[in-house]
Amino acid sequence: MPHLHASALHLIETYKYLGLYFSLALGMVGLPIPDETIMTFAGFQVFQGRLSFLLTVGASIAGSLTGMSISYFIGNKVGIPVIRRFGKYIRLTPERLEKAEGWFRRYRGKSIIAGYFVPGLRHITAYFAGISELGFGTFLSLAAVGAALWVFIFVSLGRLLGRDWRALISILHRFAWLWLFLGAAAVALYFALRDESSRGRGR
C-alpha cells in the first residue's frame with residue numbers, strides 16, 4: 001500500500017490535473033487509490049504554487065463524478081448478483097456491500113452525499129444507486145454536491161496545512177469519528193442551504 005500511495009502522488013506531480021482526474025476516477029470505481037491523501041497532497045501542491053486551486057478543485061470534482069457515474073451504470077446494468085460475485089476485485093467485499101446496502105436503503109440521497117466522507121462506502125453507494133434505479137439525473141446532482149463539498153474541504157486543508165499536510169491523514173486514520181462528523185456536517189450544510197434557497201424563492 002505505501003508503494004501505491006507513492007505512485008499516486010508521483011502521478012500528480014508528473015501529470016498534474018490529468019493525473020489527479022484519473023486517480024480519483026479510478027478510486028471511485030473501487031481501485032485501492034488513497035483518495036483523501038491525493039487531494040490533500042494536491043492542496044499542498046497548490047500551497048507550493050505548482051497547481052491552481054480552481055483547476056485542482058475542478059479536476060478533482062470531474063474525476064470523482066466520472067468514477068461515480070461509471071459505478072452507477074455498472075450497478076444499473078449488471079445488478080447485485082454479479083457485483084456480489086466479482087466485487088472482491090474492486091474492494092466490494094460482502095461485509096461492505098451489506099453495510100452499504102443498509103446505509104443506502106435508510107438514507108437514500110443523503111447517503112450519496114455523506115458517503116464521500118466514509119471510507120469504503122463512497123463508491124459503493126453509487127453502485128446501489130444504480131441498482132435501485134434511482135434516476136441518473138437525481139443521482140448525479142446529489143453526487144455533484146457531495147463531490148464539491150468533499151473535494152473543497154480536503155484540497156483546502158492541504159493548502160492550509162502546507163508542509164504539514166500529512167498530519168491530517170494521520171489524524172483521520174486514528175480518529176474514525178472525524179469521518180462521520182465531516183459527512184454529517186456536509187449533509188447538514190447541503191440541506192440547510194437548499195432550504196434557505198427554497199425560502200428565498202418563496203418570498
# chains A, B, ... in the order shown; residues from 1 in each chain; ligands from 1
$ residues_around --residues "Ala62 (chain A)" --least-positions-apart "5" --cutoff "10 Å" --atoms "only C-alpha atoms" --output "ChimeraX atom specification"
/A:20-22,24-25,56-57,67-68,144,147-148
$ closest_residue --among "A:Phe136, A:Phe53, A:Tyr17, A:Phe154" --to "Phe117 (chain A)" --atoms "only C-alpha atoms"
A:Phe154
$ closest_residue --among "A:Gly137, A:Pro34, A:Gly19, A:Gly27" --to "Ala6 (chain A)" --atoms "only C-alpha atoms"
A:Pro34
$ residues_around --residues "region 166-171 of chain A" --least-positions-apart "4" --cutoff "12 Å" --atoms "only C-alpha atoms" --output "list in words"
Pro34, Asp35, Glu36, Thr37, Ile38, Met39, Thr40, Phe41, Ala42, Gly43, Phe44, Ile153, Phe154, Val155, Ser156, Leu157, Gly158, Arg159, Leu160, Leu161, Gly162, Phe175, Ala176, Trp177, Leu178 and Trp179 of chain A
$ write_last_selection --atoms "N, CA and C atoms" --output "short mmCIF file (atom, residue, chain, number, x, y, z; two decimals), in the first residue's frame"
data_model
loop_
_atom_site.label_atom_id
_atom_site.label_comp_id
_atom_site.auth_asym_id
_atom_site.auth_seq_id
_atom_site.Cartn_x
_atom_site.Cartn_y
_atom_site.Cartn_z
N PRO A 34 -5.64 6.02 -2.68
CA PRO A 34 -5.82 6.82 -1.44
C PRO A 34 -6.40 8.20 -1.75
N ASP A 35 -7.71 8.27 -1.90
CA ASP A 35 -8.36 9.49 -2.38
C ASP A 35 -8.06 10.74 -1.56
N GLU A 36 -8.28 10.65 -0.23
CA GLU A 36 -8.04 11.83 0.61
C GLU A 36 -6.59 12.25 0.61
N THR A 37 -5.70 11.25 0.58
CA THR A 37 -4.27 11.56 0.52
C THR A 37 -3.95 12.31 -0.76
N ILE A 38 -4.52 11.87 -1.87
CA ILE A 38 -4.29 12.51 -3.16
C ILE A 38 -4.75 13.96 -3.15
N MET A 39 -5.96 14.21 -2.65
CA MET A 39 -6.48 15.57 -2.67
C MET A 39 -5.74 16.49 -1.69
N THR A 40 -5.39 15.96 -0.53
CA THR A 40 -4.64 16.77 0.42
C THR A 40 -3.26 17.10 -0.14
N PHE A 41 -2.65 16.13 -0.79
CA PHE A 41 -1.36 16.37 -1.44
C PHE A 41 -1.50 17.40 -2.56
N ALA A 42 -2.60 17.32 -3.31
CA ALA A 42 -2.85 18.30 -4.37
C ALA A 42 -2.98 19.69 -3.75
N GLY A 43 -3.63 19.78 -2.58
CA GLY A 43 -3.72 21.06 -1.89
C GLY A 43 -2.34 21.58 -1.50
N PHE A 44 -1.46 20.68 -1.11
CA PHE A 44 -0.08 21.06 -0.80
C PHE A 44 0.63 21.57 -2.04
N ILE A 153 -13.15 20.66 0.78
CA ILE A 153 -12.63 20.54 2.14
C ILE A 153 -11.21 20.00 2.14
N PHE A 154 -10.94 18.91 1.42
CA PHE A 154 -9.63 18.28 1.50
C PHE A 154 -8.55 19.06 0.74
N VAL A 155 -8.89 19.62 -0.39
CA VAL A 155 -7.91 20.43 -1.11
C VAL A 155 -7.58 21.69 -0.30
N SER A 156 -8.60 22.30 0.31
CA SER A 156 -8.39 23.49 1.12
C SER A 156 -7.53 23.19 2.34
N LEU A 157 -7.79 22.04 2.98
CA LEU A 157 -7.00 21.66 4.15
C LEU A 157 -5.55 21.41 3.76
N GLY A 158 -5.33 20.75 2.61
CA GLY A 158 -3.96 20.53 2.15
C GLY A 158 -3.24 21.84 1.88
N ARG A 159 -3.96 22.78 1.30
CA ARG A 159 -3.39 24.10 1.03
C ARG A 159 -3.09 24.85 2.33
N LEU A 160 -4.02 24.75 3.28
CA LEU A 160 -3.87 25.46 4.55
C LEU A 160 -2.72 24.89 5.39
N LEU A 161 -2.61 23.56 5.42
CA LEU A 161 -1.59 22.91 6.25
C LEU A 161 -0.20 23.01 5.63
N GLY A 162 -0.13 23.15 4.31
CA GLY A 162 1.16 23.27 3.65
C GLY A 162 2.04 22.05 3.86
N PHE A 175 -8.60 8.72 14.17
CA PHE A 175 -9.88 9.08 14.78
C PHE A 175 -10.99 8.94 13.75
N ALA A 176 -11.58 7.75 13.70
CA ALA A 176 -12.59 7.46 12.67
C ALA A 176 -13.83 8.33 12.82
N TRP A 177 -14.10 8.83 14.03
CA TRP A 177 -15.30 9.64 14.24
C TRP A 177 -15.25 10.93 13.44
N LEU A 178 -14.04 11.37 13.09
CA LEU A 178 -13.92 12.59 12.28
C LEU A 178 -14.57 12.42 10.92
N TRP A 179 -14.46 11.21 10.34
CA TRP A 179 -15.11 10.95 9.06
C TRP A 179 -16.62 11.13 9.19
#
$ residues_around --residues "Ile131 (chain A)" --least-positions-apart "5" --cutoff "10 Å" --atoms "only C-alpha atoms" --output "ChimeraX atom specification"
/A:72-80,125-126
